[in-house]
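Working notes for the structure below.
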Amino acid sequence: MGEVTEVRPVGGIDYPCTLGEFFTFFPDETACHRYLEQLRWPNRFICPGCGGISNQAWRTSRHLLLCPKCRRQVSATAGTVFEGTRKPLRLWYHAIWELTSQKYGANALGLQRALGLGSYVTAWAWLHKLRRAMVRPGRDRLFGPAEVDESYVGGEEVGVHGRQTIKKAIVVIAVEMKRHGFGRIRLRHVPDVTGDSLTSFVTDVVQPGAVVQTDGWNGYAKLQSLGFEHEVTVLQNLSDPAHVHMPGVHRVAALLKRWLLGTLQGGISKEHLPYYLDEFTFRFNRRTSRARGLLFYRLINQAVQTEHTSTHELFAKTITKAIPSHVKLGGAK
Ligand SMILES: [Zn+2]
């Protein structure tokens with residue numbers, strides 16, 4: 001019995017909406033390569049070698065395109081997250097499907113099992129490569145009104161209060177406030193809570209002129225002079241708990257901490273924290289999207305626009321704590 005494939009075009013390109021459709025969409029490597037080619041060159045083929053624009057390129061038997069102008073053989077994976085991979089593209093797409101179809105994401109062990117990968121390191125490296133594609137380059141700024149505050153993530157520390165922190169990572173959070181709930185969020189791992197760190201975050205992620213709500217910390221003191229409508233809530237002077245006056249950041253900080261603990265079981269290094277924040281942002285900002293297929297499409301489309309990071313480079317940044325000690329490094333592609 002054949003399955004009916006319902007397709008929904010996005011900018012002229014379709015995407016699967018269920019796992020059944022996924023297998024119909026991508027029956028083999030050829031289908032996967034053609035999908036990638038469509039995403040990279042939706043209108044005409046532009047040769048990365050000579051820059052020549054052609055209405056068509058010849059396809060070779062090894063999934064390469066032959067530029068009709070300079071006769072160079074070009075892989076659609078070059079310059080994308082998939083560059084240089086020795087594994088089938090279909091397996092990569094399946095990994096993206098796994099990552100986007102689960103509400104809370106995937107950890108390396110779960111991905112290894114779902115895909116039947118022989119190596120934990122491969123699953124771990126793939127997740128890290130895909131996280132790097134989760135933030136769209138040049139994305140929009142929040143319109144406001146936006147709540148901004150810092151939160152501290154990481155292990156519990158006894159005797160460290162307020163803004164003093166030694167081992168914990170500081171994450172500054174901006175939440176767009178809507179009449180009925182929360183809009184989009186932006187997160188950043190900052191080295192400290194100085195005016196420079198906090199102000200540059202706000203100017204990068206919030207639209208100039210917007211209302212920005214913060215507490216009375218002097219790290220935010222320059223926002224008014226930088227063109228924001230700065231509203232200060234001095235929490236010490238209020239009898240209500242903090243979350244009543246900053247419900248957005250309070251809620252997002254709680255969800256973030258729970259997600260880091262639950263999905264990643266606390267196994268994060270500060271070097272990789274920015275990418276976990278990207279994944280959390282990607283999921284949070286699309287939390288109301290019912291179409292899981294659309295998330296798949298967004299991530300695969302962004303993966304095409306994201307430069308490849310070598311596995312070696314990923315490990316160079318890793319504190320070994322994030323990887324179980326029995327895992328041998330190397331060989332993941
Ligand atoms: Zn060329």
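Each chain of the structure tokens is named A, B, ... in the order shown, its residues numbered from 1; ligands are numbered from 1 in display order.
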Using only C-alpha atoms, which residues sit within 6 Å of Cys67 of chain A once same-chain residues fewer than 4 positions away are excluded, as a count of residues only? 3
Hey, which residues sit close to ligand 1? Say within 7 Å, counting only C-alpha atoms and all ligand atoms, and write them as a list of chain:residue names. A:Cys47, A:Pro48, A:Gly49, A:Cys50, A:Gly51, A:Gly52, A:Cys67, A:Pro68, A:Lys69, A:Cys70, A:Arg71, A:Arg72
Dump as a PDB file, in the first residue's frame, selection limited to C-alpha atoms:
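After the write, result.pdb holds the following:
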```pdb
ATOM      1  CA  CYS A  47      30.488  27.494  -9.617  1.00  0.00           C
ATOM      2  CA  PRO A  48      32.437  27.991  -6.352  1.00  0.00           C
ATOM      3  CA  GLY A  49      35.645  27.595  -8.415  1.00  0.00           C
ATOM      4  CA  CYS A  50      35.312  30.066 -11.285  1.00  0.00           C
ATOM      5  CA  GLY A  51      32.192  31.940 -10.158  1.00  0.00           C
ATOM      6  CA  GLY A  52      30.566  31.152 -13.498  1.00  0.00           C
ATOM      7  CA  CYS A  67      31.022  23.106 -14.123  1.00  0.00           C
ATOM      8  CA  PRO A  68      30.387  23.637 -17.852  1.00  0.00           C
ATOM      9  CA  LYS A  69      32.657  26.706 -17.827  1.00  0.00           C
ATOM     10  CA  CYS A  70      35.840  25.604 -16.016  1.00  0.00           C
ATOM     11  CA  ARG A  71      35.156  21.844 -15.994  1.00  0.00           C
ATOM     12  CA  ARG A  72      35.898  21.647 -12.324  1.00  0.00           C
TER      13      ARG A  72
END
```
Shell of 12 Å around Met134 of chain A, only C-alpha atoms, local chain residues under 6 positions omitted, as a PyMOL selection string: chain A and resi 81+96+99-100+127-128+274-286+295-306
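The space between atom CA of Glu21 of chain A and atom CA of Leu130 of chain A spans 21.8 Å.
Ranking A:Leu256, A:Leu36, A:Val234, A:Leu142 by their shortest atom-to-atom distance to Val212 of chain A, with only C-alpha atoms included, puts A:Leu142 first.
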Run DSSP on the backbone and grab whatever in segment 101-313 of chain A lands in alpha helix (DSSP H); send it over as a PyMOL selection string. chain A and resi 101+108-115+120-131+195-205+242-245+247-264+273-285+292-304+311-313
Excluding Val171 of chain A and its own-chain neighbours fewer than 2 positions away, which residues fall within 9 Å of it when counting only C-alpha atoms? Please give them as a VMD selection string. chain A and resid 149 to 153 169 173 187 to 191 253 277
Applying 12 Å and only C-alpha atoms, which residues near Leu226 of chain A remain after dropping the ones on its own chain fewer than 6 positions away? List them as an mmCIF file with C-alpha atoms, in the first residue's frame.
```
data_model
loop_
_atom_site.group_PDB
_atom_site.id
_atom_site.type_symbol
_atom_site.label_atom_id
_atom_site.label_comp_id
_atom_site.auth_asym_id
_atom_site.auth_seq_id
_atom_site.Cartn_x
_atom_site.Cartn_y
_atom_site.Cartn_z
ATOM 1 C CA THR A 199 25.454 46.632 26.821
ATOM 2 C CA SER A 200 27.000 45.042 23.725
ATOM 3 C CA VAL A 202 21.574 44.346 24.277
ATOM 4 C CA THR A 203 22.655 46.487 21.313
ATOM 5 C CA ASP A 204 23.331 43.320 19.263
ATOM 6 C CA VAL A 206 17.404 44.279 20.620
ATOM 7 C CA GLN A 207 16.117 46.790 18.084
ATOM 8 C CA PRO A 208 17.194 50.379 18.878
ATOM 9 C CA GLY A 209 14.390 52.419 20.414
ATOM 10 C CA ALA A 210 12.741 49.413 22.030
ATOM 11 C CA VAL A 211 11.684 49.262 25.664
ATOM 12 C CA VAL A 212 14.256 47.275 27.679
ATOM 13 C CA TYR A 220 22.766 48.456 32.273
#
```
Give me the residues within 9 Å of segment 101-114 of chain A as a PyMOL selection string, counting only C-alpha atoms and dropping any in the same chain fewer than 2 places off. chain A and resi 18+95-99+116-127+259+262-265+279-280+283+287+292-293+295-296
Would you save the residues from that selection as a compact mmCIF listing (two decimals), in the first residue's frame, using C-alpha atoms?
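The file below, out-v6.txt, is the result:
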```txt
# COMPACT_ATOMS: atom_id res chain seq x y z
CA THR A 18 6.50 12.70 8.99
CA ALA A 95 20.31 12.80 12.30
CA ILE A 96 18.77 16.20 11.53
CA TRP A 97 15.34 14.59 11.58
CA GLU A 98 16.04 13.01 14.98
CA LEU A 99 17.34 16.28 16.35
CA GLY A 116 22.78 2.67 14.54
CA LEU A 117 26.11 4.50 14.42
CA GLY A 118 29.08 2.38 15.39
CA SER A 119 30.79 5.22 17.18
CA TYR A 120 29.67 7.43 20.04
CA VAL A 121 32.24 10.01 18.95
CA THR A 122 30.63 10.33 15.53
CA ALA A 123 27.23 10.97 17.10
CA TRP A 124 28.76 13.47 19.50
CA ALA A 125 30.62 15.29 16.73
CA TRP A 126 27.55 15.40 14.47
CA LEU A 127 25.43 16.98 17.17
CA TRP A 259 17.07 21.43 29.70
CA GLY A 262 17.96 16.78 31.46
CA THR A 263 19.13 16.58 27.85
CA LEU A 264 22.82 16.82 28.43
CA GLN A 265 22.93 15.34 31.93
CA GLU A 279 20.18 24.92 20.32
CA PHE A 280 17.99 26.03 23.21
CA ARG A 283 13.96 25.16 20.05
CA ARG A 287 8.23 25.91 20.41
CA ARG A 292 8.27 19.27 12.87
CA GLY A 293 9.12 19.03 9.19
CA LEU A 295 12.19 22.59 11.76
CA PHE A 296 13.94 19.91 9.74
```
Using only C-alpha atoms, which residue out of A:Lys222, A:Thr60, A:Thr309, A:Leu314 lies closest to Glu83 of chain A?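 Selected residue with least distance to Glu83 of chain A: A:Thr309.
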Go through A:Gln213, A:Ser197, A:Thr288, A:Ser269 one by one, measure the shortest atom-to-atom distance of each to Ala146 of chain A using only C-alpha atoms, and give the residue with the smallest value. A:Gln213
Every residue of segment 27-240 of chain A that DSSP places in strand (DSSP E or B), as a PyMOL selection string: chain A and resi 45-46+53-54+58-59+64-66+73-75+142+146-153+169-178+181-190+206+211-215+229-233
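Within the 12 Å cut-off around Trp41 of chain A, using only C-alpha atoms and omitting residues fewer than 3 positions from it on the same chain, the listed residues are Gly12, Ile13, His33, Arg34, Tyr35, Leu36, Glu37, Gln38, Arg44, Phe45, Ile46, Cys47, Pro48, Ile53, Ser54, Asn55, Gln56, Ala57, Leu65, Ala76, Thr77, Asn301, Val304 and Gln305 of chain A.
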Grab the residues selected above and save them as a short mmCIF file (atom, residue, chain, number, x, y, z; two decimals), in the first residue's frame with C-alpha atoms.
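Heads up, here's the output in selection37.cif:
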```cif
data_model
loop_
_atom_site.label_atom_id
_atom_site.label_comp_id
_atom_site.auth_asym_id
_atom_site.auth_seq_id
_atom_site.Cartn_x
_atom_site.Cartn_y
_atom_site.Cartn_z
CA GLY A 12 9.86 26.58 -3.81
CA ILE A 13 11.39 23.66 -1.90
CA HIS A 33 22.42 15.04 -3.14
CA ARG A 34 19.75 16.52 -5.40
CA TYR A 35 17.99 18.03 -2.40
CA LEU A 36 21.25 19.60 -1.28
CA GLU A 37 21.89 20.94 -4.78
CA GLN A 38 18.40 22.50 -4.82
CA ARG A 44 21.07 28.51 -11.27
CA PHE A 45 24.34 26.74 -10.65
CA ILE A 46 27.06 29.09 -9.43
CA CYS A 47 30.49 27.49 -9.62
CA PRO A 48 32.44 27.99 -6.35
CA ILE A 53 26.76 31.05 -13.57
CA SER A 54 25.15 28.32 -15.64
CA ASN A 55 21.62 27.16 -16.17
CA GLN A 56 22.78 23.62 -15.76
CA ALA A 57 25.72 21.56 -14.64
CA LEU A 65 28.64 18.47 -10.50
CA ALA A 76 27.30 20.23 -3.20
CA THR A 77 28.62 19.43 0.29
CA ASN A 301 18.83 24.89 5.05
CA VAL A 304 23.98 24.34 3.92
CA GLN A 305 24.96 27.91 4.80
#
```
